[in-house]
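Student: Please read through the structure below; I'll follow up with questions.
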Amino acid sequence: MDDYLVRATAFAGKIRLFAATTTQVVEEMRNRHDLFPTAAAAVGRTATAAVMMGAMLKGEEKVTVQVKGNGPLGQIVMDANARGEVRGYADHPQTHLPSNASGKLDVAGAVGREGFIYVTKDLGMKEPYRGSIPIISGELAEDFTYYFAKSEQTPSAVSLGVLVNQDYTIRNAGGFIIQVMPEVDDEVIFTLEHKLASVLPVTTLLEQGLSPEDLLKEVIGDFANAETMPLSFRCFCSRERVERTLLSLGRQELSQMVEQDEFAQIVCHFCNEKYEFDREALKSLMDQTGL
């Protein structure tokens, strides 16, 4: 089943819903960055949160999520947009730790239990929106729940999950975000809390083969105004963009590359694509500087 996202409402628009399956997206990231299991779980959870946050935007708007914990994984960076496209990486993709006390991948140990999550939204305004919160658990779902409550003043329930096979490939990935809109009455909140208290972990539901629509039915029951959107890994790097970056270094810097290395390799952080420039290619760029 291809990855996709569902956004909907419930209780006459008083509750906003997002659910997504991201197995193929996370597998693409795992393959590109050679993610080890614990790193894959952390990156996958962040990617799932980011694509749902992107679905809250519109048009050409986009969001960047940075998870900067004090664990061995280092920084996780994720870009997502309103079209369901996402890309991202972690500083140390080969991070893998022993299972935690629950016998599960120790995401909190890899991310760290101290640090910050930063969210930057490009909404087409003069200045982007920036929000941040301290990491409270490192498990990420709880941290994003805290982010929505404290930084965006939107009470939310966030559930994120990634299952990794023995051969390190991604078995299942996905999650949901439930958000309470302003001026919701206490009865709706009570009903929602009661439903959430009985919901199985999202990894269990994904393992049962549930679709995003099924996830929402498990969490909320009836919902309305459902819209679906395909999800995909997409990076916006290109050789032309890399050439422009090299040109911006200036003729002197390019000349040093030619004389000292006779070769340049630029690697995109987000997709791990490698762009190689031999001596002749570098000299051609030097000529384009016009100096």
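Ordered as shown in the structure tokens, chains take letters A, B, and onward, while each chain numbers its residues from 1 and ligands are numbered from 1 in the order shown.
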Using only C-alpha atoms, tabulate the residues of segment 93-194 of chain A lying at most 12 Å from any atom of segment 14-31 of chain A, each with its closest atom pair and that distance in Å to one decimal, by chain and increasing residue number, as CSV.

Tutor:
```
residue,atom,partner,partner_atom,distance
A:Pro93,CA,A:Arg30,CA,8.6
A:Gln94,CA,A:Arg30,CA,10.1
A:Thr154,CA,A:Arg16,CA,10.5
A:Pro155,CA,A:Ile15,CA,10.2
A:Ser156,CA,A:Arg16,CA,9.2
A:Ala157,CA,A:Leu17,CA,9.8
A:Val158,CA,A:Phe18,CA,9.6
A:Ser159,CA,A:Ala19,CA,9.4
A:Leu160,CA,A:Ala20,CA,9.5
A:Gly161,CA,A:Thr22,CA,9.6
A:Val162,CA,A:Thr23,CA,8.0
A:Leu163,CA,A:Thr23,CA,9.0
A:Val164,CA,A:Glu27,CA,9.5
A:Asn165,CA,A:Glu27,CA,10.9
A:Asp167,CA,A:Arg30,CA,11.6
A:Tyr168,CA,A:Arg30,CA,8.4
A:Thr169,CA,A:Glu27,CA,6.4
A:Ile170,CA,A:Glu27,CA,5.3
A:Arg171,CA,A:Thr23,CA,6.9
A:Asn172,CA,A:Thr23,CA,5.0
A:Ala173,CA,A:Thr23,CA,4.5
A:Gly174,CA,A:Thr21,CA,4.1
A:Gly175,CA,A:Ala20,CA,5.6
A:Phe176,CA,A:Ala19,CA,4.1
A:Ile177,CA,A:Phe18,CA,5.1
A:Ile178,CA,A:Leu17,CA,4.8
A:Gln179,CA,A:Arg16,CA,5.0
A:Val180,CA,A:Ile15,CA,4.9
A:Met181,CA,A:Lys14,CA,5.3
A:Pro182,CA,A:Lys14,CA,7.7
A:Glu183,CA,A:Lys14,CA,8.2
A:Val184,CA,A:Lys14,CA,6.1
A:Asp185,CA,A:Lys14,CA,8.9
A:Asp186,CA,A:Lys14,CA,11.5
A:Glu187,CA,A:Lys14,CA,11.5
A:Val188,CA,A:Lys14,CA,8.3
A:Ile189,CA,A:Ile15,CA,9.3
A:Thr191,CA,A:Ile15,CA,11.4
A:Leu192,CA,A:Ile15,CA,9.1
```

Student: Interatomic distance between atom CA of Ala281 of chain A and atom CA of Cys235 of chain A?

Tutor: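 Between atom CA of Ala281 of chain A and atom CA of Cys235 of chain A the gap is 23.6 Å.
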
Student: Show me, as a VMD selection string, the residues that have an atom within 12 Å of Leu246 of chain A when counting only C-alpha atoms, minus same-chain residues fewer than 4 positions from it.

Tutor: chain A and resid 239 to 242 250 to 255 257 264 to 266 275 to 277 281 to 286 288 to 289

Student: As an exercise, work out the distance from atom CA of Leu97 of chain A to atom CA of Thr145 of chain A in Å and give it to one decimal place.

Tutor: 24.7 Å

Student: Among segment 79-177 of chain A, which residues carry a DSSP assignment of helix (DSSP H, G or I), reported as a PDB file with C-alpha atoms, in the first residue's frame?

Tutor:
```pdb
ATOM      1  CA  VAL A 107      14.455   6.032  20.802  1.00  0.00           C
ATOM      2  CA  ALA A 108      14.701   8.246  23.887  1.00  0.00           C
ATOM      3  CA  GLY A 109      18.207   6.950  24.558  1.00  0.00           C
ATOM      4  CA  ALA A 110      19.255   7.761  20.993  1.00  0.00           C
ATOM      5  CA  VAL A 111      17.588  11.184  20.845  1.00  0.00           C
ATOM      6  CA  ALA A 141       5.304  11.600  20.330  1.00  0.00           C
ATOM      7  CA  GLU A 142       5.073  13.076  23.829  1.00  0.00           C
ATOM      8  CA  ASP A 143       7.440  15.846  22.801  1.00  0.00           C
ATOM      9  CA  PHE A 144       5.338  16.866  19.804  1.00  0.00           C
ATOM     10  CA  THR A 145       2.222  16.722  21.972  1.00  0.00           C
ATOM     11  CA  TYR A 146       3.944  19.156  24.320  1.00  0.00           C
ATOM     12  CA  TYR A 147       4.999  21.347  21.390  1.00  0.00           C
ATOM     13  CA  PHE A 148       1.437  21.790  20.128  1.00  0.00           C
ATOM     14  CA  ALA A 149       0.130  22.571  23.608  1.00  0.00           C
ATOM     15  CA  LYS A 150       2.829  25.026  24.625  1.00  0.00           C
ATOM     16  CA  SER A 151       4.030  26.615  21.387  1.00  0.00           C
TER      17      SER A 151
END
```

Student: Would you mind reading off the distance between atom CA of Asn70 of chain A and atom CA of His96 of chain A, one decimal, in Å?

Tutor: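 Going from atom CA of Asn70 of chain A over to atom CA of His96 of chain A, I get 15.0 Å.
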
Student: Do you know which residues are at most 9 Å from Gly13 of chain A counting only C-alpha atoms, after dropping those on the same chain fewer than 4 positions away, and could you put them as number ranges by chain?

Tutor: A: 8-9, 181, 224-225

Student: Find the residue from A:His92, A:Glu61, A:Val258, A:Cys271 that sits nearest to Met125 of chain A; use only C-alpha atoms when measuring.

Tutor: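 For Met125 of chain A, the nearest of the given residues is A:Glu61.
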
Student: Could you write out, as a PyMOL selection string, all the residues of segment 68-189 of chain A that DSSP marks as strand (DSSP E or B)?

Tutor: chain A and resi 68-69+75-81+85-90+115-122+129-134+156-164+170-180

Student: Can you tell me, as number ranges by chain, what residues are no more than 6 Å from Glu85 of chain A when counting only C-alpha atoms, ignoring any on the same chain fewer than 5 positions away?

Tutor: A: 80, 231-234

Student: Restricting the calculation to only C-alpha atoms, which member of A:Lys121, A:Arg113, A:Lys104, A:Arg83 is positioned closest to Ala41 of chain A?

Tutor: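 Using only C-alpha atoms, the shortest distance to Ala41 of chain A belongs to A:Lys104.
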